[in-house]
Amino acid sequence: MLEEKIDALNRIYELYGRYTKTLTLACRKYCAHCCTCNVTLTSLEAANIFRSLSPERRAEIRRAVEPQISRKRYQPEITLNQMARCCINGEKLPDEQIDPAWGPCPLLSDNACPIYDLRPFGCRCLLSTSDCGKTGYAEVDDFTITVNYVFLQFIEHLDQPGGFGNLSDVLTILDSDLDANTPYPPQARAGNPRLIANRPIPMLLIPPEHRSGVIPLFNELNAIVRPR
């Protein structure tokens, strides 16, 4: 089951990679302005990272992220699919705080990512058409933002009953469980105070003006994940 989900996850990554190749981006190697300690991921993405690394590399990752647990970082209160459910029900969304000044990604080394090929979607979708170092912010067109939301919703749906949270939290929790030789760690599901339970897609966050453009990507995502 886990291997099937990881295969589906990597197919989603490949699909998104094909989409981003159609964009003109300023992003390049050693450009790490977006690489902060606030990146999030699912437990499935963390499992994908760890199952691809040697025990020695996993130990290096653990040593890098553990100090971040005592520092300020973005810890989401709801997932994207929970947000979509709130929109359906007309409920107020939490006022979440996030600040890039809280520091860089704990994995970053000399402005390069040591797990770049395995990086989670929260990193892959950090794109900009301008140099963030010059402008001070990323510039992303509205359609790509919608595409990012759709991909994030499908990844969350795929990782049920897994969890979602800050990269440092998820990697620390999951690595502990993998050391106990559990194939799909129970602590990465609901019940851990540092993680949120993933939810099914209640509706896709697609504005009317983007629906026709998103349909081809939706059809491919639906073929990979097949939400019910």
# chains A, B, ... in the order shown; residues from 1 in each chain; ligands from 1
>>> residues_around(residues="A:Arg85", least_positions_apart="2", cutoff="12 Å", atoms="only C-alpha atoms", output="number ranges by chain")
A: 78-83, 87-93, 153, 199-205
>>> select_by_dssp(residues="stretch 72-148 of chain A", states="helix (DSSP H, G or I)", output="MDAnalysis selection string")
chainID A and resid 80:89 100:102 116:118 121:124 132:135 142:148
>>> write_last_selection(atoms="C-alpha atoms", output="PDB file, in the first residue's frame")
ATOM      1  CA  LEU A  80      -5.838  22.724   2.607  1.00  0.00           C
ATOM      2  CA  ASN A  81      -8.705  20.254   2.302  1.00  0.00           C
ATOM      3  CA  GLN A  82      -9.922  21.331   5.743  1.00  0.00           C
ATOM      4  CA  MET A  83      -9.772  24.901   4.464  1.00  0.00           C
ATOM      5  CA  ALA A  84     -11.912  23.912   1.474  1.00  0.00           C
ATOM      6  CA  ARG A  85     -14.427  22.332   3.865  1.00  0.00           C
ATOM      7  CA  CYS A  86     -14.519  25.551   5.898  1.00  0.00           C
ATOM      8  CA  CYS A  87     -15.259  27.490   2.716  1.00  0.00           C
ATOM      9  CA  ILE A  88     -18.148  25.152   1.900  1.00  0.00           C
ATOM     10  CA  ASN A  89     -19.594  25.577   5.401  1.00  0.00           C
ATOM     11  CA  PRO A 100      10.294  34.035   6.568  1.00  0.00           C
ATOM     12  CA  ALA A 101      12.417  35.932   9.079  1.00  0.00           C
ATOM     13  CA  TRP A 102      12.077  32.963  11.447  1.00  0.00           C
ATOM     14  CA  TYR A 116      16.557  18.354  -3.916  1.00  0.00           C
ATOM     15  CA  ASP A 117      15.325  15.433  -6.030  1.00  0.00           C
ATOM     16  CA  LEU A 118      13.205  14.214  -3.097  1.00  0.00           C
ATOM     17  CA  PHE A 121       5.652  19.630  -3.056  1.00  0.00           C
ATOM     18  CA  GLY A 122       5.710  22.528  -0.585  1.00  0.00           C
ATOM     19  CA  CYS A 123       9.197  23.258  -1.941  1.00  0.00           C
ATOM     20  CA  ARG A 124       8.456  22.415  -5.576  1.00  0.00           C
ATOM     21  CA  CYS A 132      13.156  37.284  -5.087  1.00  0.00           C
ATOM     22  CA  GLY A 133      16.540  38.535  -3.922  1.00  0.00           C
ATOM     23  CA  LYS A 134      15.956  41.787  -5.817  1.00  0.00           C
ATOM     24  CA  THR A 135      12.227  42.266  -5.351  1.00  0.00           C
ATOM     25  CA  ASP A 142      -2.859  33.523 -10.397  1.00  0.00           C
ATOM     26  CA  PHE A 143      -3.332  30.448 -12.569  1.00  0.00           C
ATOM     27  CA  THR A 144      -0.183  28.784 -11.193  1.00  0.00           C
ATOM     28  CA  ILE A 145      -1.377  29.496  -7.653  1.00  0.00           C
ATOM     29  CA  THR A 146      -4.598  27.670  -8.500  1.00  0.00           C
ATOM     30  CA  VAL A 147      -2.631  24.772 -10.004  1.00  0.00           C
ATOM     31  CA  ASN A 148      -0.534  24.592  -6.822  1.00  0.00           C
TER      32      ASN A 148
END
>>> residues_around(residues="A:Tyr13", least_positions_apart="3", cutoff="12 Å", atoms="only C-alpha atoms", output="list in words")
Ile6, Asp7, Ala8, Leu9, Asn10, Tyr16, Gly17, Arg18, Tyr19, Thr20, Glu45, Asn48, Asp117, Leu118, Arg119, Pro120, Phe121, Gly122, Cys123, Arg124, Cys125, Asn148, Phe151, Leu152, Phe154, Ile155, Glu220, Leu221 and Ile224 of chain A
>>> residues_around(residues="A:Leu2", least_positions_apart="3", cutoff="12 Å", atoms="only C-alpha atoms", output="PyMOL selection string")
chain A and resi 5-9+43-48+51+158-162+182-185
>>> write_last_selection(atoms="N, CA and C atoms", output="mmCIF file, in the first residue's frame")
data_model
loop_
_atom_site.group_PDB
_atom_site.id
_atom_site.type_symbol
_atom_site.label_atom_id
_atom_site.label_comp_id
_atom_site.auth_asym_id
_atom_site.auth_seq_id
_atom_site.Cartn_x
_atom_site.Cartn_y
_atom_site.Cartn_z
ATOM 1 N N LYS A 5 1.356 4.208 -2.933
ATOM 2 C CA LYS A 5 1.159 5.629 -2.690
ATOM 3 C C LYS A 5 2.397 6.436 -3.062
ATOM 4 N N ILE A 6 3.571 5.914 -2.747
ATOM 5 C CA ILE A 6 4.801 6.608 -3.108
ATOM 6 C C ILE A 6 4.946 6.673 -4.624
ATOM 7 N N ASP A 7 4.573 5.610 -5.325
ATOM 8 C CA ASP A 7 4.607 5.626 -6.783
ATOM 9 C C ASP A 7 3.662 6.700 -7.318
ATOM 10 N N ALA A 8 2.466 6.790 -6.753
ATOM 11 C CA ALA A 8 1.506 7.811 -7.176
ATOM 12 C C ALA A 8 2.047 9.208 -6.886
ATOM 13 N N LEU A 9 2.674 9.378 -5.721
ATOM 14 C CA LEU A 9 3.246 10.674 -5.359
ATOM 15 C C LEU A 9 4.292 11.114 -6.369
ATOM 16 N N SER A 43 3.064 13.257 5.651
ATOM 17 C CA SER A 43 3.836 12.116 6.143
ATOM 18 C C SER A 43 4.253 11.194 5.002
ATOM 19 N N LEU A 44 3.445 11.134 3.942
ATOM 20 C CA LEU A 44 3.808 10.317 2.783
ATOM 21 C C LEU A 44 5.059 10.876 2.117
ATOM 22 N N GLU A 45 5.142 12.187 2.000
ATOM 23 C CA GLU A 45 6.330 12.801 1.400
ATOM 24 C C GLU A 45 7.557 12.576 2.264
ATOM 25 N N ALA A 46 7.374 12.617 3.587
ATOM 26 C CA ALA A 46 8.493 12.334 4.487
ATOM 27 C C ALA A 46 8.943 10.884 4.348
ATOM 28 N N ALA A 47 7.978 9.964 4.230
ATOM 29 C CA ALA A 47 8.330 8.552 4.042
ATOM 30 C C ALA A 47 9.085 8.362 2.730
ATOM 31 N N ASN A 48 8.666 9.087 1.703
ATOM 32 C CA ASN A 48 9.336 9.011 0.405
ATOM 33 C C ASN A 48 10.796 9.453 0.525
ATOM 34 N N ARG A 51 12.795 6.718 2.880
ATOM 35 C CA ARG A 51 12.960 5.391 2.295
ATOM 36 C C ARG A 51 13.950 5.408 1.128
ATOM 37 N N LEU A 158 -4.318 11.805 -1.175
ATOM 38 C CA LEU A 158 -3.579 10.558 -1.367
ATOM 39 C C LEU A 158 -3.022 10.031 -0.050
ATOM 40 N N ASP A 159 -2.621 10.938 0.845
ATOM 41 C CA ASP A 159 -1.931 10.532 2.072
ATOM 42 C C ASP A 159 -2.874 10.277 3.251
ATOM 43 N N GLN A 160 -4.127 10.060 3.015
ATOM 44 C CA GLN A 160 -4.990 9.614 4.120
ATOM 45 C C GLN A 160 -4.620 8.183 4.496
ATOM 46 N N PRO A 161 -4.559 7.836 5.777
ATOM 47 C CA PRO A 161 -4.835 8.645 6.968
ATOM 48 C C PRO A 161 -3.583 9.261 7.568
ATOM 49 N N GLY A 162 -2.681 9.719 6.721
ATOM 50 C CA GLY A 162 -1.434 10.296 7.216
ATOM 51 C C GLY A 162 -1.620 11.682 7.795
ATOM 52 N N THR A 182 8.136 0.342 11.554
ATOM 53 C CA THR A 182 6.724 0.352 11.168
ATOM 54 C C THR A 182 6.624 0.853 9.730
ATOM 55 N N PRO A 183 5.924 0.129 8.835
ATOM 56 C CA PRO A 183 5.900 0.481 7.425
ATOM 57 C C PRO A 183 5.168 1.778 7.109
ATOM 58 N N TYR A 184 4.127 2.107 7.875
ATOM 59 C CA TYR A 184 3.445 3.375 7.672
ATOM 60 C C TYR A 184 3.110 3.927 9.043
ATOM 61 N N PRO A 185 3.963 4.776 9.590
ATOM 62 C CA PRO A 185 3.982 5.115 11.006
ATOM 63 C C PRO A 185 2.654 5.604 11.562
#
>>> closest_residue(among="A:Leu23, A:Leu107, A:Lys29, A:Asp95", to="A:Leu171", atoms="only C-alpha atoms")
A:Leu107
>>> select_by_dssp(residues="stretch 7-190 of chain A", states="strand (DSSP E or B)", output="PDB file with N, CA and C atoms, in the first residue's frame")
ATOM      1  N   THR A  36      12.803  28.503   3.596  1.00  0.00           N
ATOM      2  CA  THR A  36      12.727  28.881   5.003  1.00  0.00           C
ATOM      3  C   THR A  36      12.348  27.681   5.870  1.00  0.00           C
ATOM      4  N   THR A  40       6.124  23.040   4.627  1.00  0.00           N
ATOM      5  CA  THR A  40       5.295  21.957   5.158  1.00  0.00           C
ATOM      6  C   THR A  40       5.345  20.749   4.226  1.00  0.00           C
ATOM      7  N   LEU A  41       4.910  19.608   4.747  1.00  0.00           N
ATOM      8  CA  LEU A  41       4.815  18.408   3.919  1.00  0.00           C
ATOM      9  C   LEU A  41       3.906  17.396   4.588  1.00  0.00           C
ATOM     10  N   THR A  42       3.552  16.367   3.834  1.00  0.00           N
ATOM     11  CA  THR A  42       2.734  15.277   4.357  1.00  0.00           C
ATOM     12  C   THR A  42       3.638  14.146   4.852  1.00  0.00           C
ATOM     13  N   PRO A 104      16.093  30.037   7.958  1.00  0.00           N
ATOM     14  CA  PRO A 104      16.161  29.184   6.768  1.00  0.00           C
ATOM     15  C   PRO A 104      15.738  27.755   7.055  1.00  0.00           C
ATOM     16  N   SER A 109      22.123  23.770   2.885  1.00  0.00           N
ATOM     17  CA  SER A 109      23.573  23.734   3.058  1.00  0.00           C
ATOM     18  C   SER A 109      24.231  24.508   1.919  1.00  0.00           C
ATOM     19  N   ALA A 112      22.061  25.338  -0.964  1.00  0.00           N
ATOM     20  CA  ALA A 112      21.655  24.217  -1.814  1.00  0.00           C
ATOM     21  C   ALA A 112      20.894  23.204  -0.974  1.00  0.00           C
ATOM     22  N   GLY A 163      -0.500  12.334   8.091  1.00  0.00           N
ATOM     23  CA  GLY A 163      -0.542  13.637   8.733  1.00  0.00           C
ATOM     24  C   GLY A 163       0.158  14.704   7.923  1.00  0.00           C
ATOM     25  N   PHE A 164       0.004  15.945   8.381  1.00  0.00           N
ATOM     26  CA  PHE A 164       0.540  17.118   7.695  1.00  0.00           C
ATOM     27  C   PHE A 164       1.078  18.077   8.737  1.00  0.00           C
ATOM     28  N   GLY A 165       2.199  18.726   8.420  1.00  0.00           N
ATOM     29  CA  GLY A 165       2.744  19.697   9.362  1.00  0.00           C
ATOM     30  C   GLY A 165       4.036  20.311   8.858  1.00  0.00           C
ATOM     31  N   ASN A 166       4.708  21.015   9.750  1.00  0.00           N
ATOM     32  CA  ASN A 166       5.997  21.619   9.427  1.00  0.00           C
ATOM     33  C   ASN A 166       7.010  20.531   9.101  1.00  0.00           C
TER      34      ASN A 166
END
>>> atom_distance(atom1="atom CA of A:Val214", atom2="atom CA of A:Ile12")
14.6 Å
>>> atom_distance(atom1="atom CA of A:Asn198", atom2="atom CA of A:Glu156")
5.7 Å
>>> decode(residues="stretch 123-163 of chain A", atoms="N, CA and C atoms", output="PDB file, in the first residue's frame")
ATOM      1  N   CYS A 123       7.996  22.623  -1.387  1.00  0.00           N
ATOM      2  CA  CYS A 123       9.197  23.258  -1.941  1.00  0.00           C
ATOM      3  C   CYS A 123       9.072  23.417  -3.457  1.00  0.00           C
ATOM      4  N   ARG A 124       8.562  22.394  -4.117  1.00  0.00           N
ATOM      5  CA  ARG A 124       8.456  22.415  -5.576  1.00  0.00           C
ATOM      6  C   ARG A 124       7.590  23.558  -6.080  1.00  0.00           C
ATOM      7  N   CYS A 125       6.574  23.928  -5.307  1.00  0.00           N
ATOM      8  CA  CYS A 125       5.649  24.957  -5.774  1.00  0.00           C
ATOM      9  C   CYS A 125       6.086  26.365  -5.386  1.00  0.00           C
ATOM     10  N   LEU A 126       7.253  26.507  -4.754  1.00  0.00           N
ATOM     11  CA  LEU A 126       7.781  27.838  -4.451  1.00  0.00           C
ATOM     12  C   LEU A 126       8.487  28.357  -5.697  1.00  0.00           C
ATOM     13  N   LEU A 127       7.733  29.044  -6.528  1.00  0.00           N
ATOM     14  CA  LEU A 127       8.216  29.507  -7.826  1.00  0.00           C
ATOM     15  C   LEU A 127       8.106  31.025  -7.916  1.00  0.00           C
ATOM     16  N   SER A 128       8.885  31.612  -8.794  1.00  0.00           N
ATOM     17  CA  SER A 128       8.788  33.057  -9.004  1.00  0.00           C
ATOM     18  C   SER A 128       9.240  33.412 -10.416  1.00  0.00           C
ATOM     19  N   THR A 129       8.546  34.368 -11.006  1.00  0.00           N
ATOM     20  CA  THR A 129       8.930  34.843 -12.338  1.00  0.00           C
ATOM     21  C   THR A 129       9.941  35.982 -12.244  1.00  0.00           C
ATOM     22  N   SER A 130      10.239  36.427 -11.015  1.00  0.00           N
ATOM     23  CA  SER A 130      11.238  37.471 -10.816  1.00  0.00           C
ATOM     24  C   SER A 130      12.223  37.028  -9.746  1.00  0.00           C
ATOM     25  N   ASP A 131      13.353  37.700  -9.669  1.00  0.00           N
ATOM     26  CA  ASP A 131      14.391  37.377  -8.699  1.00  0.00           C
ATOM     27  C   ASP A 131      13.951  37.863  -7.320  1.00  0.00           C
ATOM     28  N   CYS A 132      13.622  36.924  -6.436  1.00  0.00           N
ATOM     29  CA  CYS A 132      13.156  37.284  -5.087  1.00  0.00           C
ATOM     30  C   CYS A 132      14.207  38.083  -4.324  1.00  0.00           C
ATOM     31  N   GLY A 133      15.472  37.828  -4.612  1.00  0.00           N
ATOM     32  CA  GLY A 133      16.540  38.535  -3.922  1.00  0.00           C
ATOM     33  C   GLY A 133      16.543  40.015  -4.241  1.00  0.00           C
ATOM     34  N   LYS A 134      16.010  40.379  -5.414  1.00  0.00           N
ATOM     35  CA  LYS A 134      15.956  41.787  -5.817  1.00  0.00           C
ATOM     36  C   LYS A 134      14.637  42.436  -5.444  1.00  0.00           C
ATOM     37  N   THR A 135      13.545  41.691  -5.615  1.00  0.00           N
ATOM     38  CA  THR A 135      12.227  42.266  -5.351  1.00  0.00           C
ATOM     39  C   THR A 135      11.810  42.132  -3.887  1.00  0.00           C
ATOM     40  N   GLY A 136      12.354  41.117  -3.201  1.00  0.00           N
ATOM     41  CA  GLY A 136      11.971  40.886  -1.817  1.00  0.00           C
ATOM     42  C   GLY A 136      10.746  40.006  -1.668  1.00  0.00           C
ATOM     43  N   TYR A 137      10.196  39.558  -2.779  1.00  0.00           N
ATOM     44  CA  TYR A 137       9.010  38.699  -2.736  1.00  0.00           C
ATOM     45  C   TYR A 137       8.933  37.900  -4.037  1.00  0.00           C
ATOM     46  N   ALA A 138       8.177  36.813  -3.982  1.00  0.00           N
ATOM     47  CA  ALA A 138       7.989  35.982  -5.167  1.00  0.00           C
ATOM     48  C   ALA A 138       6.821  36.507  -5.996  1.00  0.00           C
ATOM     49  N   GLU A 139       6.930  36.384  -7.298  1.00  0.00           N
ATOM     50  CA  GLU A 139       5.844  36.752  -8.203  1.00  0.00           C
ATOM     51  C   GLU A 139       5.355  35.484  -8.902  1.00  0.00           C
ATOM     52  N   VAL A 140       4.106  35.137  -8.649  1.00  0.00           N
ATOM     53  CA  VAL A 140       3.510  33.934  -9.221  1.00  0.00           C
ATOM     54  C   VAL A 140       2.165  34.314  -9.817  1.00  0.00           C
ATOM     55  N   ASP A 141       1.914  33.896 -11.044  1.00  0.00           N
ATOM     56  CA  ASP A 141       0.644  34.248 -11.672  1.00  0.00           C
ATOM     57  C   ASP A 141      -0.506  33.499 -11.000  1.00  0.00           C
ATOM     58  N   ASP A 142      -1.689  34.067 -11.094  1.00  0.00           N
ATOM     59  CA  ASP A 142      -2.859  33.523 -10.397  1.00  0.00           C
ATOM     60  C   ASP A 142      -3.188  32.102 -10.830  1.00  0.00           C
ATOM     61  N   PHE A 143      -3.006  31.792 -12.099  1.00  0.00           N
ATOM     62  CA  PHE A 143      -3.332  30.448 -12.569  1.00  0.00           C
ATOM     63  C   PHE A 143      -2.413  29.411 -11.926  1.00  0.00           C
ATOM     64  N   THR A 144      -1.127  29.720 -11.816  1.00  0.00           N
ATOM     65  CA  THR A 144      -0.183  28.784 -11.193  1.00  0.00           C
ATOM     66  C   THR A 144      -0.503  28.594  -9.720  1.00  0.00           C
ATOM     67  N   ILE A 145      -0.957  29.636  -9.048  1.00  0.00           N
ATOM     68  CA  ILE A 145      -1.377  29.496  -7.653  1.00  0.00           C
ATOM     69  C   ILE A 145      -2.536  28.507  -7.558  1.00  0.00           C
ATOM     70  N   THR A 146      -3.481  28.615  -8.478  1.00  0.00           N
ATOM     71  CA  THR A 146      -4.598  27.670  -8.500  1.00  0.00           C
ATOM     72  C   THR A 146      -4.103  26.253  -8.757  1.00  0.00           C
ATOM     73  N   VAL A 147      -3.204  26.086  -9.707  1.00  0.00           N
ATOM     74  CA  VAL A 147      -2.631  24.772 -10.004  1.00  0.00           C
ATOM     75  C   VAL A 147      -1.961  24.207  -8.756  1.00  0.00           C
ATOM     76  N   ASN A 148      -1.206  25.048  -8.045  1.00  0.00           N
ATOM     77  CA  ASN A 148      -0.534  24.592  -6.822  1.00  0.00           C
ATOM     78  C   ASN A 148      -1.539  24.083  -5.797  1.00  0.00           C
ATOM     79  N   TYR A 149      -2.634  24.813  -5.616  1.00  0.00           N
ATOM     80  CA  TYR A 149      -3.667  24.385  -4.665  1.00  0.00           C
ATOM     81  C   TYR A 149      -4.232  23.020  -5.042  1.00  0.00           C
ATOM     82  N   VAL A 150      -4.514  22.841  -6.331  1.00  0.00           N
ATOM     83  CA  VAL A 150      -5.099  21.575  -6.784  1.00  0.00           C
ATOM     84  C   VAL A 150      -4.141  20.415  -6.519  1.00  0.00           C
ATOM     85  N   PHE A 151      -2.867  20.603  -6.837  1.00  0.00           N
ATOM     86  CA  PHE A 151      -1.885  19.544  -6.583  1.00  0.00           C
ATOM     87  C   PHE A 151      -1.769  19.260  -5.083  1.00  0.00           C
ATOM     88  N   LEU A 152      -1.738  20.293  -4.262  1.00  0.00           N
ATOM     89  CA  LEU A 152      -1.643  20.099  -2.815  1.00  0.00           C
ATOM     90  C   LEU A 152      -2.858  19.345  -2.281  1.00  0.00           C
ATOM     91  N   GLN A 153      -4.035  19.652  -2.818  1.00  0.00           N
ATOM     92  CA  GLN A 153      -5.241  18.953  -2.370  1.00  0.00           C
ATOM     93  C   GLN A 153      -5.204  17.476  -2.733  1.00  0.00           C
ATOM     94  N   PHE A 154      -4.716  17.155  -3.914  1.00  0.00           N
ATOM     95  CA  PHE A 154      -4.624  15.758  -4.328  1.00  0.00           C
ATOM     96  C   PHE A 154      -3.578  15.011  -3.503  1.00  0.00           C
ATOM     97  N   ILE A 155      -2.453  15.647  -3.203  1.00  0.00           N
ATOM     98  CA  ILE A 155      -1.411  14.998  -2.407  1.00  0.00           C
ATOM     99  C   ILE A 155      -1.927  14.715  -1.000  1.00  0.00           C
ATOM    100  N   GLU A 156      -2.639  15.671  -0.420  1.00  0.00           N
ATOM    101  CA  GLU A 156      -3.230  15.449   0.903  1.00  0.00           C
ATOM    102  C   GLU A 156      -4.229  14.299   0.860  1.00  0.00           C
ATOM    103  N   HIS A 157      -5.084  14.293  -0.154  1.00  0.00           N
ATOM    104  CA  HIS A 157      -6.083  13.228  -0.298  1.00  0.00           C
ATOM    105  C   HIS A 157      -5.399  11.862  -0.407  1.00  0.00           C
ATOM    106  N   LEU A 158      -4.318  11.805  -1.175  1.00  0.00           N
ATOM    107  CA  LEU A 158      -3.579  10.558  -1.367  1.00  0.00           C
ATOM    108  C   LEU A 158      -3.022  10.031  -0.050  1.00  0.00           C
ATOM    109  N   ASP A 159      -2.621  10.938   0.845  1.00  0.00           N
ATOM    110  CA  ASP A 159      -1.931  10.532   2.072  1.00  0.00           C
ATOM    111  C   ASP A 159      -2.874  10.277   3.251  1.00  0.00           C
ATOM    112  N   GLN A 160      -4.127  10.060   3.015  1.00  0.00           N
ATOM    113  CA  GLN A 160      -4.990   9.614   4.120  1.00  0.00           C
ATOM    114  C   GLN A 160      -4.620   8.183   4.496  1.00  0.00           C
ATOM    115  N   PRO A 161      -4.559   7.836   5.777  1.00  0.00           N
ATOM    116  CA  PRO A 161      -4.835   8.645   6.968  1.00  0.00           C
ATOM    117  C   PRO A 161      -3.583   9.261   7.568  1.00  0.00           C
ATOM    118  N   GLY A 162      -2.681   9.719   6.721  1.00  0.00           N
ATOM    119  CA  GLY A 162      -1.434  10.296   7.216  1.00  0.00           C
ATOM    120  C   GLY A 162      -1.620  11.682   7.795  1.00  0.00           C
ATOM    121  N   GLY A 163      -0.500  12.334   8.091  1.00  0.00           N
ATOM    122  CA  GLY A 163      -0.542  13.637   8.733  1.00  0.00           C
ATOM    123  C   GLY A 163       0.158  14.704   7.923  1.00  0.00           C
TER     124      GLY A 163
END
